[in-house]
Every structure is written in C-alpha cells, then in structure tokens.
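J.: Here you go, this is upload.csv (CSV, C-alpha atoms and all ligand atoms).
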chain,number,residue,atom,x,y,z
A,237,MET,CA,99.7,-25.3,-42.8
A,238,VAL,CA,99.4,-29.1,-43.4
A,239,GLU,CA,100.9,-30.6,-46.4
A,240,LEU,CA,101.0,-34.3,-47.4
A,241,ARG,CA,102.8,-35.4,-50.6
A,242,ASN,CA,102.3,-38.9,-51.9
A,243,VAL,CA,101.9,-40.3,-48.4
A,244,SER,CA,101.4,-44.0,-47.8
A,245,VAL,CA,101.1,-45.9,-44.6
A,246,LYS,CA,101.5,-49.7,-44.5
A,247,TYR,CA,101.2,-51.2,-41.0
A,248,PRO,CA,103.5,-54.1,-40.1
A,249,SER,CA,100.5,-56.4,-40.4
A,250,GLY,CA,100.5,-55.6,-44.2
A,251,VAL,CA,97.4,-53.4,-44.1
A,252,GLU,CA,97.7,-50.4,-46.4
A,253,ALA,CA,95.8,-47.8,-44.4
A,254,LEU,CA,96.7,-44.8,-46.6
A,255,ARG,CA,97.7,-44.9,-50.3
A,256,ASP,CA,99.4,-42.1,-52.1
A,257,VAL,CA,97.6,-39.4,-50.3
A,258,SER,CA,98.4,-35.7,-51.2
A,259,LEU,CA,96.6,-32.8,-49.7
A,260,THR,CA,97.2,-29.2,-48.5
A,261,ILE,CA,95.3,-27.5,-45.7
A,262,ASN,CA,96.1,-23.8,-45.6
A,263,ASP,CA,96.1,-21.7,-42.5
A,264,ARG,CA,92.6,-20.6,-41.5
A,265,ASP,CA,90.9,-23.4,-43.4
A,266,PHE,CA,88.0,-25.4,-42.0
A,267,VAL,CA,88.0,-28.9,-43.3
A,268,PHE,CA,85.8,-31.9,-42.7
A,269,VAL,CA,87.4,-35.3,-43.2
A,270,VAL,CA,84.8,-38.0,-43.8
A,271,GLY,CA,84.8,-41.7,-44.5
A,272,GLU,CA,83.5,-45.1,-43.4
A,273,SER,CA,85.0,-46.9,-40.4
A,274,GLY,CA,88.4,-48.4,-41.5
A,275,ALA,CA,88.9,-45.8,-44.3
A,276,GLY,CA,92.1,-44.4,-42.8
A,277,LYS,CA,90.9,-41.3,-40.9
A,278,SER,CA,92.6,-42.1,-37.6
A,279,THR,CA,95.8,-43.1,-39.5
A,280,LEU,CA,95.8,-39.6,-41.0
A,281,ILE,CA,95.5,-38.0,-37.6
A,282,LYS,CA,98.2,-40.2,-36.2
A,283,LEU,CA,100.5,-39.0,-39.0
A,284,LEU,CA,99.8,-35.3,-38.3
A,285,ILE,CA,100.7,-35.6,-34.6
A,286,ARG,CA,103.7,-37.8,-35.4
A,287,GLU,CA,102.4,-40.8,-33.5
A,288,ILE,CA,103.3,-42.8,-36.6
A,289,ALA,CA,105.6,-42.1,-39.5
A,290,PRO,CA,104.7,-42.6,-43.2
A,291,THR,CA,106.0,-45.6,-45.1
A,292,GLU,CA,106.4,-43.3,-48.0
A,293,GLY,CA,105.9,-39.6,-48.8
A,294,LYS,CA,106.5,-36.2,-47.2
A,295,ILE,CA,104.6,-34.4,-44.5
A,296,LYS,CA,104.8,-30.9,-43.1
A,297,VAL,CA,102.6,-29.6,-40.2
A,298,ASN,CA,102.7,-26.0,-38.9
A,299,GLY,CA,106.2,-25.4,-40.2
A,300,TYR,CA,107.7,-28.8,-39.0
A,301,ASN,CA,109.0,-31.2,-41.5
A,302,LEU,CA,107.8,-34.4,-40.0
A,303,ASN,CA,110.2,-36.5,-42.2
A,304,LYS,CA,113.2,-34.8,-40.4
A,305,LEU,CA,111.6,-34.3,-37.0
A,306,LYS,CA,113.7,-35.5,-34.1
A,307,GLN,CA,112.1,-37.4,-31.2
A,308,LYS,CA,112.8,-34.5,-28.8
A,309,GLU,CA,111.0,-32.1,-31.1
A,310,ILE,CA,107.7,-34.1,-31.1
A,311,PRO,CA,106.3,-32.2,-28.0
A,312,ASP,CA,107.1,-28.9,-29.8
A,313,LEU,CA,105.0,-30.0,-32.8
A,314,ARG,CA,102.2,-31.2,-30.6
A,315,ARG,CA,102.0,-27.9,-28.7
A,316,THR,CA,101.0,-26.2,-32.0
A,317,ILE,CA,97.9,-28.5,-32.2
A,318,GLY,CA,94.8,-28.6,-30.0
A,319,PHE,CA,92.8,-31.9,-29.7
A,320,VAL,CA,89.2,-32.6,-29.2
A,321,PHE,CA,88.0,-36.2,-28.9
A,322,GLN,CA,84.7,-38.0,-29.1
A,323,ASP,CA,84.8,-39.0,-25.4
A,324,PHE,CA,86.0,-35.6,-24.1
A,325,LYS,CA,88.9,-37.0,-22.1
A,326,LEU,CA,88.5,-34.6,-19.2
A,327,ILE,CA,90.0,-35.3,-15.8
A,328,ASN,CA,87.0,-36.1,-13.6
A,329,SER,CA,88.7,-35.2,-10.3
A,330,MET,CA,89.3,-31.7,-11.6
A,331,ASN,CA,86.9,-28.8,-12.0
A,332,VAL,CA,86.5,-27.0,-15.3
A,333,TYR,CA,89.1,-24.3,-14.4
A,334,ASP,CA,91.7,-26.9,-13.5
A,335,ASN,CA,91.0,-29.1,-16.5
A,336,VAL,CA,91.9,-26.1,-18.7
A,337,ALA,CA,94.7,-24.7,-16.6
A,338,PHE,CA,96.4,-28.1,-16.5
A,339,VAL,CA,97.6,-27.7,-20.1
A,340,LEU,CA,99.3,-24.4,-19.2
A,341,ARG,CA,100.7,-25.6,-15.9
A,342,SER,CA,102.2,-28.6,-17.7
A,343,ILE,CA,104.3,-26.2,-19.9
A,344,ASP,CA,105.2,-24.0,-16.9
A,345,ALA,CA,103.3,-21.0,-18.1
A,346,PRO,CA,103.4,-18.0,-15.7
A,347,THR,CA,100.7,-18.1,-13.0
A,348,LYS,CA,99.6,-14.6,-13.9
A,349,TYR,CA,99.0,-15.6,-17.5
A,350,ILE,CA,97.1,-18.7,-16.5
A,351,ARG,CA,94.8,-16.6,-14.2
A,352,LYS,CA,93.9,-14.4,-17.2
A,353,ARG,CA,93.9,-16.9,-20.0
A,354,VAL,CA,91.9,-19.7,-18.5
A,355,PRO,CA,88.7,-17.7,-17.6
A,356,TYR,CA,89.0,-16.0,-21.0
A,357,VAL,CA,88.8,-19.3,-23.0
A,358,ILE,CA,86.1,-20.7,-20.7
A,359,GLY,CA,84.1,-17.6,-21.5
A,360,LEU,CA,84.7,-18.1,-25.2
A,361,VAL,CA,83.0,-21.5,-25.0
A,362,GLY,CA,80.1,-20.0,-23.0
A,363,LEU,CA,80.8,-21.7,-19.7
A,364,LYS,CA,81.7,-18.8,-17.4
A,365,ASP,CA,79.1,-19.8,-14.9
A,366,LYS,CA,80.4,-23.4,-14.8
A,367,MET,CA,84.0,-22.6,-14.1
A,368,TYR,CA,84.1,-24.5,-10.8
A,369,ALA,CA,81.8,-27.4,-11.8
A,370,TYR,CA,83.1,-30.9,-12.2
A,371,PRO,CA,82.8,-32.9,-15.5
A,372,ASN,CA,80.3,-35.4,-13.9
A,373,GLU,CA,78.0,-32.5,-13.1
A,374,MET,CA,77.8,-31.4,-16.7
A,375,SER,CA,75.9,-32.5,-19.9
A,376,GLY,CA,77.8,-34.1,-22.8
A,377,GLY,CA,77.6,-30.8,-24.7
A,378,GLU,CA,79.0,-28.8,-21.8
A,379,GLN,CA,81.9,-31.3,-21.3
A,380,GLN,CA,82.7,-31.0,-25.0
A,381,ARG,CA,82.8,-27.2,-24.6
A,382,VAL,CA,85.3,-27.7,-21.8
A,383,ALA,CA,87.4,-29.9,-24.1
A,384,LEU,CA,87.3,-27.1,-26.7
A,385,ALA,CA,88.4,-24.6,-24.1
A,386,ARG,CA,91.3,-26.9,-23.2
A,387,ALA,CA,92.2,-27.3,-26.9
A,388,LEU,CA,92.2,-23.6,-27.3
A,389,VAL,CA,94.0,-22.4,-24.2
A,390,ASN,CA,97.5,-22.8,-25.6
A,391,ASP,CA,96.5,-20.8,-28.7
A,392,PRO,CA,97.2,-23.6,-31.2
A,393,LYS,CA,97.6,-23.0,-35.0
A,394,LEU,CA,95.5,-26.1,-35.7
A,395,ILE,CA,92.6,-27.9,-33.9
A,396,ILE,CA,92.0,-31.5,-34.7
A,397,ALA,CA,88.6,-32.6,-33.7
A,398,ASP,CA,88.2,-36.4,-33.9
A,399,GLU,CA,84.4,-37.3,-34.1
A,400,PRO,CA,83.7,-34.5,-31.6
A,401,THR,CA,79.9,-34.9,-31.9
A,402,GLY,CA,80.0,-38.7,-31.7
A,403,ASN,CA,78.4,-38.7,-28.2
A,404,LEU,CA,76.1,-35.8,-28.6
A,405,ASP,CA,72.5,-35.3,-29.7
A,406,PRO,CA,71.9,-33.5,-33.0
A,407,LYS,CA,71.1,-30.1,-31.5
A,408,THR,CA,74.2,-30.1,-29.3
A,409,SER,CA,76.3,-31.4,-32.2
A,410,ILE,CA,75.3,-28.3,-34.2
A,411,GLU,CA,76.2,-26.0,-31.3
A,412,ILE,CA,79.7,-27.6,-31.1
A,413,ILE,CA,80.3,-27.2,-34.8
A,414,GLN,CA,79.2,-23.6,-34.6
A,415,LEU,CA,81.7,-23.0,-31.8
A,416,LEU,CA,84.4,-24.6,-33.9
A,417,GLN,CA,83.4,-22.3,-36.8
A,418,GLY,CA,83.7,-19.3,-34.5
A,419,ILE,CA,87.2,-20.5,-33.4
A,420,ASN,CA,88.0,-20.9,-37.1
A,421,ASP,CA,86.7,-17.3,-37.8
A,422,CYS,CA,89.2,-16.1,-35.3
A,423,GLY,CA,92.1,-17.6,-37.3
A,424,THR,CA,92.6,-21.2,-36.1
A,425,THR,CA,92.7,-23.9,-38.7
A,426,VAL,CA,90.2,-26.7,-38.0
A,427,LEU,CA,90.3,-30.3,-39.1
A,428,MET,CA,87.2,-32.1,-38.1
A,429,VAL,CA,86.9,-35.9,-38.6
A,430,THR,CA,83.4,-37.2,-38.7
A,431,HIS,CA,81.3,-40.0,-40.2
A,432,GLU,CA,78.1,-38.0,-39.9
A,433,HIS,CA,77.4,-37.0,-43.5
A,434,GLU,CA,74.2,-35.2,-42.6
A,435,LEU,CA,76.1,-32.7,-40.4
A,436,VAL,CA,78.6,-32.1,-43.1
A,437,LYS,CA,75.9,-31.5,-45.6
A,438,ARG,CA,74.2,-29.1,-43.3
A,439,PHE,CA,77.3,-26.9,-42.7
A,440,GLY,CA,79.0,-27.4,-46.1
A,441,GLY,CA,82.6,-26.3,-46.7
A,442,ARG,CA,85.7,-28.1,-47.8
A,443,THR,CA,85.2,-31.9,-47.4
A,444,ILE,CA,87.7,-34.6,-47.9
A,445,LEU,CA,86.3,-38.0,-48.4
A,446,ILE,CA,88.6,-41.0,-47.7
A,447,SER,CA,87.8,-44.5,-48.8
A,448,ASP,CA,90.0,-47.5,-48.5
A,449,GLY,CA,93.0,-45.4,-47.8
A,450,ARG,CA,92.6,-43.0,-50.7
A,451,ILE,CA,91.2,-39.5,-51.0
A,452,ILE,CA,88.3,-39.9,-53.5
A,453,LEU,CA,86.9,-36.5,-53.1
A,454,ASP,CA,88.2,-33.1,-52.0
A,455,LYS,CA,85.9,-30.2,-52.7
A,456,GLU,CA,83.6,-27.5,-51.3
A,457,ILE,CA,80.1,-28.9,-50.8
A,501,LIG,P1,89.3,-45.0,-39.5
A,501,LIG,O1,89.8,-44.1,-38.5
A,501,LIG,O2,88.8,-44.4,-40.8
A,501,LIG,O3,88.2,-45.9,-39.0
A,501,LIG,P2,91.9,-46.3,-39.4
A,501,LIG,O4,92.9,-45.3,-39.8
A,501,LIG,O5,91.7,-46.6,-38.0
A,501,LIG,O6,90.5,-46.0,-40.1
A,501,LIG,O7,92.2,-47.7,-40.1
A,501,LIG,C1,92.6,-47.9,-41.5
A,501,LIG,C2,93.0,-49.3,-41.8
A,501,LIG,O8,94.2,-49.6,-41.1
A,501,LIG,C3,91.9,-50.3,-41.3
A,501,LIG,O9,91.9,-51.4,-42.2
A,501,LIG,C4,92.5,-50.7,-39.9
A,501,LIG,O10,92.0,-52.0,-39.6
A,501,LIG,C5,94.0,-50.7,-40.1
A,501,LIG,N1,94.7,-50.3,-38.9
A,501,LIG,C6,94.5,-49.3,-38.1
A,501,LIG,N2,95.5,-49.2,-37.1
A,501,LIG,C7,96.2,-50.3,-37.3
A,501,LIG,C8,97.4,-50.9,-36.6
A,501,LIG,N3,97.9,-50.3,-35.6
A,501,LIG,N4,97.9,-52.0,-37.1
A,501,LIG,C9,97.4,-52.6,-38.2
A,501,LIG,N5,96.3,-52.2,-38.9
A,501,LIG,C10,95.8,-51.0,-38.5
Written as structure tokens, that's how I'd like the structure from this file.
Ligand code: ADP
T.:
Amino acid sequence: MVELRNVSVKYPSGVEALRDVSLTINDRDFVFVVGESGAGKSTLIKLLIREIAPTEGKIKVNGYNLNKLKQKEIPDLRRTIGFVFQDFKLINSMNVYDNVAFVLRSIDAPTKYIRKRVPYVIGLVGLKDKMYAYPNEMSGGEQQRVALARALVNDPKLIIADEPTGNLDPKTSIEIIQLLQGINDCGTTVLMVTHEHELVKRFGGRTILISDGRIILDKEI
C-alpha cells in the first residue's frame, strides 16, 4: 500500500514540485498518473523510492514508514518495488537471461531458485524463445518486455512504470499495458506514469492527474 498525507516537496532552488498531496493506493490497484511535463510526476516517484524526502507530510510505502526510514533500510524498501523505465535500462553486454538473473544474483538468491525463477518470468512476458538474445538484437517492445521480466523477478509488491511506452509505437504500447494489466491481475500493484492521455482513455481505470504540483483529479475514467 502507498499512502501520502499532506505531502509537499520544495527543492532547494525554491521550486514547489508537490503541494499538499494526499493519496492512497491500495494493494492490487492499477493506477495511471498523468500530467504535463514539469507537473511533479517524477518527484512523486522519487519520494516513493526514498530518493528524496518530503519537506512536509507523511509517506508510507509497502509497510515502510518513510518518515522514519533509516539510510540502511532504503535497500529493503526498494526491494519491494520493481521499476520499468522509458529507455529500458538493460545491460547491453548481457543476454536476456542474465539481465533478469542479475537482480537475483545481486541479492545472493540461491542458484537453484534463480534457474527456476528466471525462465519462468521470461515466459510470463512471452520471450521464452529470446532467452539468450542480446538487447541490441531485439525490438523496443521486446526490450521493454525484458525490463518487465526484470522488474517482476523479485516478486515485488509494487511496480512503478515511468513512461514505459514513451519509446514504443502505439500497437506495442498497448501490448505492454496489457502485460502490466496481466501482472496486476496476478496481485501486483501497478503505478504507471504517462503523458499519453489517449492510452489512458483507451484502457480506463483509476487516473490521478497532477498539475503544477497538485492532484487535480483522482477518479475512475
Ligand atoms: P514531471 O516528472 O511531471 O515532468 P518533475 O517532478 O520532474 O515533473 O518536476 C516538477 C517541478 O520541479 C518542475 O518545475 C521541475 O523543474 C522542478 N524540479 C524537478 N527536479 C528538481 C530538482 N532536483 N531541483 C530543482 N527543481 C526541480
């Protein structure tokens, strides 16, 4: 669960990026966060992963009280969250299997578990036949699927997808959102940031509109 109560962020430059934001995202929700460039969407994500702290207000994410979180607990918080980015952020020198396995190896997961779990999540995103391909041999849509598998492999409670369709054509964008919906149907909370209003209209669902640092709409559309 994600909970923000009266949260404001003022950067040292004086910019008020978020103003008195309150919102609750329950477990298993699928939420679109939309808004123009500069509205405060990235600032919201940075708060949730404790990259920045709020100037005012209270934040809880996946059972962690971020106002009281110690520096050494930040990696624990982040392990409960999977990330998907606009530019995929895959490691080009590694094949699909290793890009996904890397996450589990970095937390010293048992080899036996890695050998079972990695092919399973690669299968979930429909890439079983590309398991040993390299990112530069794949289309943008396929690379984003790998990124989704990587986000999923550690079984996070929440997936944050930051403009995941920003580099994809409309048809592929729809496929990626459908995959995110499938992941959500299996119980993972999904927060997807996008500026593509058309896509949001097509899929519908809970939509939070941020403008000039404030939530100006939060409803099912
Ligand atoms: P979005 O992701 O919706 O484009 P941001 O959260 O990046 O919006 O930015 C919100 C506001 O905060 C903008 O006015 C932006 O210029 C400002 N801003 C973002 N990051 C910083 C920073 N590190 N220092 C100062 N101002 C920032």
J.: Tell me which protein, DNA and RNA residues are within 10 Å of Tyr247 (chain A), counting all atoms listed in the file, leaving out same-chain ones fewer than 2 positions away, and put them as number ranges by chain.
T.: A: 244-245, 249-254, 279, 288, 290-291
J.: A:Asn262, A:Gln322, A:Gln417, A:Ser447: which is nearest Gln380 (chain A), counting only C-alpha atoms?
T.: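 Nearest to Gln380 (chain A): A:Gln322.
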J.: Looking at all atoms listed in the file, which of A:Gln379, A:Thr430, A:Thr425, A:Asn335 is the one that sits closest to ligand LIG 501 (chain A)?
T.: A:Thr430
J.: Can you build me a table of region 301-326 of chain A residues sitting at most 8 Å from region 392-405 of chain A, with the closest atom pair per residue and its distance in Å to one decimal, using only C-alpha atoms, sorted by chain and residue number, as CSV?
T.:
residue,atom,partner,partner_atom,distance
A:Arg315,CA,A:Pro392,CA,6.9
A:Thr316,CA,A:Pro392,CA,4.7
A:Ile317,CA,A:Leu394,CA,4.9
A:Gly318,CA,A:Ile395,CA,4.5
A:Phe319,CA,A:Ile396,CA,5.1
A:Val320,CA,A:Ala397,CA,4.5
A:Phe321,CA,A:Asp398,CA,5.0
A:Gln322,CA,A:Pro400,CA,4.4
A:Asp323,CA,A:Asn403,CA,7.0
A:Phe324,CA,A:Pro400,CA,7.9
J.: Taking all atoms listed in the file into account, name the residue in A:Lys348, A:Lys282, A:Lys304, A:Arg381 that is nearest to ligand LIG 501 (chain A).
T.: A:Lys282
J.: Which of these, A:Leu284, A:Val357, A:Val332, A:Val429, has the shortest distance to ligand LIG 501 (chain A) once you count only C-alpha atoms and all ligand atoms?
T.: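 Once distances to ligand LIG 501 (chain A) are computed over only C-alpha atoms and all ligand atoms, the minimum belongs to A:Val429.
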J.: Taking into account only C-alpha atoms, which residue in the set A:Ser342, A:Ala275, A:Thr424, A:Leu415 is nearest to Asn298 (chain A)?
T.: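 Ranking A:Ser342, A:Ala275, A:Thr424, A:Leu415 by distance to Asn298 (chain A), first place goes to A:Thr424.
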J.: Excluding same-chain residues fewer than 3 positions from Phe338 (chain A), what lies within 10 Å of it counting only C-alpha atoms, as a list in words?
T.: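 Contacts, with the query itself left out: Ile327, Met330, Tyr333, Asp334, Asn335, Arg341, Ser342, Ile343, Asp344, Ile350, Val354, Arg386 and Val389 of chain A.
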J.: Check the smallest atom-to-atom distance from each of A:Ile310, A:Val361, A:Leu445, A:Ile457 to ligand LIG 501 (chain A) using all atoms listed in the file, then report the winner.
T.: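 Distance minimum relative to ligand LIG 501 (chain A) lands on A:Leu445.
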J.: Which polymer residues have any atom within 8 Å of an atom of Val238 (chain A), counting only C-alpha atoms, with same-chain residues fewer than 2 positions away left out, as a VMD selection string?
T.: chain A and resid 240 259 to 262 295 to 298
J.: Keeping only C-alpha atoms, take the residues you just selected and write them out as a PDB file, keeping the file's coordinate frame.
T.:
ATOM      1  CA  LEU A 240     101.000 -34.300 -47.400  1.00  0.00           C
ATOM      2  CA  LEU A 259      96.600 -32.800 -49.700  1.00  0.00           C
ATOM      3  CA  THR A 260      97.200 -29.200 -48.500  1.00  0.00           C
ATOM      4  CA  ILE A 261      95.300 -27.500 -45.700  1.00  0.00           C
ATOM      5  CA  ASN A 262      96.100 -23.800 -45.600  1.00  0.00           C
ATOM      6  CA  ILE A 295     104.600 -34.400 -44.500  1.00  0.00           C
ATOM      7  CA  LYS A 296     104.800 -30.900 -43.100  1.00  0.00           C
ATOM      8  CA  VAL A 297     102.600 -29.600 -40.200  1.00  0.00           C
ATOM      9  CA  ASN A 298     102.700 -26.000 -38.900  1.00  0.00           C
TER      10      ASN A 298
END
J.: Could you list, as a PyMOL selection string, every residue within 9 Å of Ile444 (chain A), counting all atoms listed in the file and ignoring same-chain residues fewer than 5 positions away?
T.: chain A and resi 267-271+451-456
J.: Write the selection just made, keeping C-alpha atoms, as a PDB file, in the coordinates of the input?
T.:
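Now in result.pdb:
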ATOM      1  CA  VAL A 267      88.000 -28.900 -43.300  1.00  0.00           C
ATOM      2  CA  PHE A 268      85.800 -31.900 -42.700  1.00  0.00           C
ATOM      3  CA  VAL A 269      87.400 -35.300 -43.200  1.00  0.00           C
ATOM      4  CA  VAL A 270      84.800 -38.000 -43.800  1.00  0.00           C
ATOM      5  CA  GLY A 271      84.800 -41.700 -44.500  1.00  0.00           C
ATOM      6  CA  ILE A 451      91.200 -39.500 -51.000  1.00  0.00           C
ATOM      7  CA  ILE A 452      88.300 -39.900 -53.500  1.00  0.00           C
ATOM      8  CA  LEU A 453      86.900 -36.500 -53.100  1.00  0.00           C
ATOM      9  CA  ASP A 454      88.200 -33.100 -52.000  1.00  0.00           C
ATOM     10  CA  LYS A 455      85.900 -30.200 -52.700  1.00  0.00           C
ATOM     11  CA  GLU A 456      83.600 -27.500 -51.300  1.00  0.00           C
TER      12      GLU A 456
END
J.: Do you know which residues are at most 8 Å from Leu363 (chain A) counting all atoms listed in the file, after dropping those on the same chain fewer than 4 positions away, and could you put them as a PyMOL selection string?
T.: chain A and resi 358-359+367+378+381-382
J.: What does the distance from CA of Leu388 (chain A) to CA of Ser375 (chain A) come to in Å, to one decimal?
T.: 20.0 Å
J.: From (86.9, -46.1, -47.4), in the file's coordinates, out to 8 Å: which residues are reached, counting all atoms listed in the file? Answer as a ChimeraX atom specification.
T.: /A:271-276,446-450
J.: Please indicate the distance in Å from CA of Asn301 (chain A) to CA of Asp391 (chain A), rounded to one decimal place.
T.: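 According to the coordinates, CA of Asn301 (chain A) and CA of Asp391 (chain A) are separated by 20.7 Å.
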J.: Which distance in Å separates CA of Pro248 (chain A) and CA of Leu305 (chain A), to one decimal?
T.: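 Distance reported for this atom pair: 21.6 Å.
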J.: Taking N, CA and C atoms as the atom set, what does region 334-359 of chain A look like once completed, written as a PDB file, in the coordinates of the input?
T.:
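To be explicit, this is the file written out as selection26.pdb:
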ATOM      1  N   ASP A 334      90.463 -26.150 -13.592  1.00  0.00           N
ATOM      2  CA  ASP A 334      91.700 -26.900 -13.500  1.00  0.00           C
ATOM      3  C   ASP A 334      91.956 -27.796 -14.704  1.00  0.00           C
ATOM      4  N   ASN A 335      90.869 -28.321 -15.309  1.00  0.00           N
ATOM      5  CA  ASN A 335      91.000 -29.100 -16.500  1.00  0.00           C
ATOM      6  C   ASN A 335      91.696 -28.276 -17.622  1.00  0.00           C
ATOM      7  N   VAL A 336      91.318 -27.014 -17.685  1.00  0.00           N
ATOM      8  CA  VAL A 336      91.900 -26.100 -18.700  1.00  0.00           C
ATOM      9  C   VAL A 336      93.256 -25.626 -18.332  1.00  0.00           C
ATOM     10  N   ALA A 337      93.382 -25.253 -17.057  1.00  0.00           N
ATOM     11  CA  ALA A 337      94.700 -24.700 -16.600  1.00  0.00           C
ATOM     12  C   ALA A 337      95.787 -25.740 -16.625  1.00  0.00           C
ATOM     13  N   PHE A 338      95.407 -27.007 -16.478  1.00  0.00           N
ATOM     14  CA  PHE A 338      96.400 -28.100 -16.500  1.00  0.00           C
ATOM     15  C   PHE A 338      97.306 -28.057 -17.675  1.00  0.00           C
ATOM     16  N   VAL A 339      96.753 -27.710 -18.841  1.00  0.00           N
ATOM     17  CA  VAL A 339      97.600 -27.700 -20.100  1.00  0.00           C
ATOM     18  C   VAL A 339      98.668 -26.620 -19.924  1.00  0.00           C
ATOM     19  N   LEU A 340      98.306 -25.449 -19.372  1.00  0.00           N
ATOM     20  CA  LEU A 340      99.300 -24.400 -19.200  1.00  0.00           C
ATOM     21  C   LEU A 340     100.279 -24.658 -18.115  1.00  0.00           C
ATOM     22  N   ARG A 341      99.768 -25.268 -17.046  1.00  0.00           N
ATOM     23  CA  ARG A 341     100.700 -25.600 -15.900  1.00  0.00           C
ATOM     24  C   ARG A 341     101.719 -26.611 -16.388  1.00  0.00           C
ATOM     25  N   SER A 342     101.308 -27.541 -17.273  1.00  0.00           N
ATOM     26  CA  SER A 342     102.200 -28.600 -17.700  1.00  0.00           C
ATOM     27  C   SER A 342     103.359 -28.042 -18.584  1.00  0.00           C
ATOM     28  N   ILE A 343     103.172 -26.827 -19.112  1.00  0.00           N
ATOM     29  CA  ILE A 343     104.300 -26.200 -19.900  1.00  0.00           C
ATOM     30  C   ILE A 343     104.893 -25.044 -19.100  1.00  0.00           C
ATOM     31  N   ASP A 344     104.590 -25.033 -17.789  1.00  0.00           N
ATOM     32  CA  ASP A 344     105.200 -24.000 -16.900  1.00  0.00           C
ATOM     33  C   ASP A 344     104.880 -22.588 -17.337  1.00  0.00           C
ATOM     34  N   ALA A 345     103.665 -22.351 -17.794  1.00  0.00           N
ATOM     35  CA  ALA A 345     103.300 -21.000 -18.100  1.00  0.00           C
ATOM     36  C   ALA A 345     103.212 -20.151 -16.840  1.00  0.00           C
ATOM     37  N   PRO A 346     103.456 -18.845 -16.917  1.00  0.00           N
ATOM     38  CA  PRO A 346     103.400 -18.000 -15.700  1.00  0.00           C
ATOM     39  C   PRO A 346     102.022 -17.997 -15.084  1.00  0.00           C
ATOM     40  N   THR A 347     101.979 -18.048 -13.751  1.00  0.00           N
ATOM     41  CA  THR A 347     100.700 -18.100 -13.000  1.00  0.00           C
ATOM     42  C   THR A 347      99.800 -16.918 -13.401  1.00  0.00           C
ATOM     43  N   LYS A 348     100.416 -15.748 -13.548  1.00  0.00           N
ATOM     44  CA  LYS A 348      99.600 -14.600 -13.900  1.00  0.00           C
ATOM     45  C   LYS A 348      98.908 -14.730 -15.213  1.00  0.00           C
ATOM     46  N   TYR A 349      99.606 -15.312 -16.174  1.00  0.00           N
ATOM     47  CA  TYR A 349      99.000 -15.600 -17.500  1.00  0.00           C
ATOM     48  C   TYR A 349      97.901 -16.588 -17.398  1.00  0.00           C
ATOM     49  N   ILE A 350      98.139 -17.649 -16.620  1.00  0.00           N
ATOM     50  CA  ILE A 350      97.100 -18.700 -16.500  1.00  0.00           C
ATOM     51  C   ILE A 350      95.837 -18.107 -15.885  1.00  0.00           C
ATOM     52  N   ARG A 351      95.980 -17.231 -14.904  1.00  0.00           N
ATOM     53  CA  ARG A 351      94.800 -16.600 -14.200  1.00  0.00           C
ATOM     54  C   ARG A 351      93.992 -15.750 -15.174  1.00  0.00           C
ATOM     55  N   LYS A 352      94.642 -15.227 -16.196  1.00  0.00           N
ATOM     56  CA  LYS A 352      93.900 -14.400 -17.200  1.00  0.00           C
ATOM     57  C   LYS A 352      93.359 -15.248 -18.313  1.00  0.00           C
ATOM     58  N   ARG A 353      94.212 -16.134 -18.813  1.00  0.00           N
ATOM     59  CA  ARG A 353      93.900 -16.900 -20.000  1.00  0.00           C
ATOM     60  C   ARG A 353      92.788 -17.923 -19.825  1.00  0.00           C
ATOM     61  N   VAL A 354      92.830 -18.622 -18.680  1.00  0.00           N
ATOM     62  CA  VAL A 354      91.900 -19.700 -18.500  1.00  0.00           C
ATOM     63  C   VAL A 354      90.425 -19.209 -18.402  1.00  0.00           C
ATOM     64  N   PRO A 355      90.130 -18.203 -17.580  1.00  0.00           N
ATOM     65  CA  PRO A 355      88.700 -17.700 -17.600  1.00  0.00           C
ATOM     66  C   PRO A 355      88.339 -17.149 -18.955  1.00  0.00           C
ATOM     67  N   TYR A 356      89.292 -16.582 -19.669  1.00  0.00           N
ATOM     68  CA  TYR A 356      89.000 -16.000 -21.000  1.00  0.00           C
ATOM     69  C   TYR A 356      88.500 -17.130 -21.948  1.00  0.00           C
ATOM     70  N   VAL A 357      89.244 -18.239 -22.035  1.00  0.00           N
ATOM     71  CA  VAL A 357      88.800 -19.300 -23.000  1.00  0.00           C
ATOM     72  C   VAL A 357      87.557 -20.001 -22.492  1.00  0.00           C
ATOM     73  N   ILE A 358      87.383 -20.101 -21.170  1.00  0.00           N
ATOM     74  CA  ILE A 358      86.100 -20.700 -20.700  1.00  0.00           C
ATOM     75  C   ILE A 358      84.960 -19.822 -21.035  1.00  0.00           C
ATOM     76  N   GLY A 359      85.184 -18.527 -21.018  1.00  0.00           N
ATOM     77  CA  GLY A 359      84.100 -17.600 -21.500  1.00  0.00           C
ATOM     78  C   GLY A 359      83.861 -17.738 -22.952  1.00  0.00           C
TER      79      GLY A 359
END
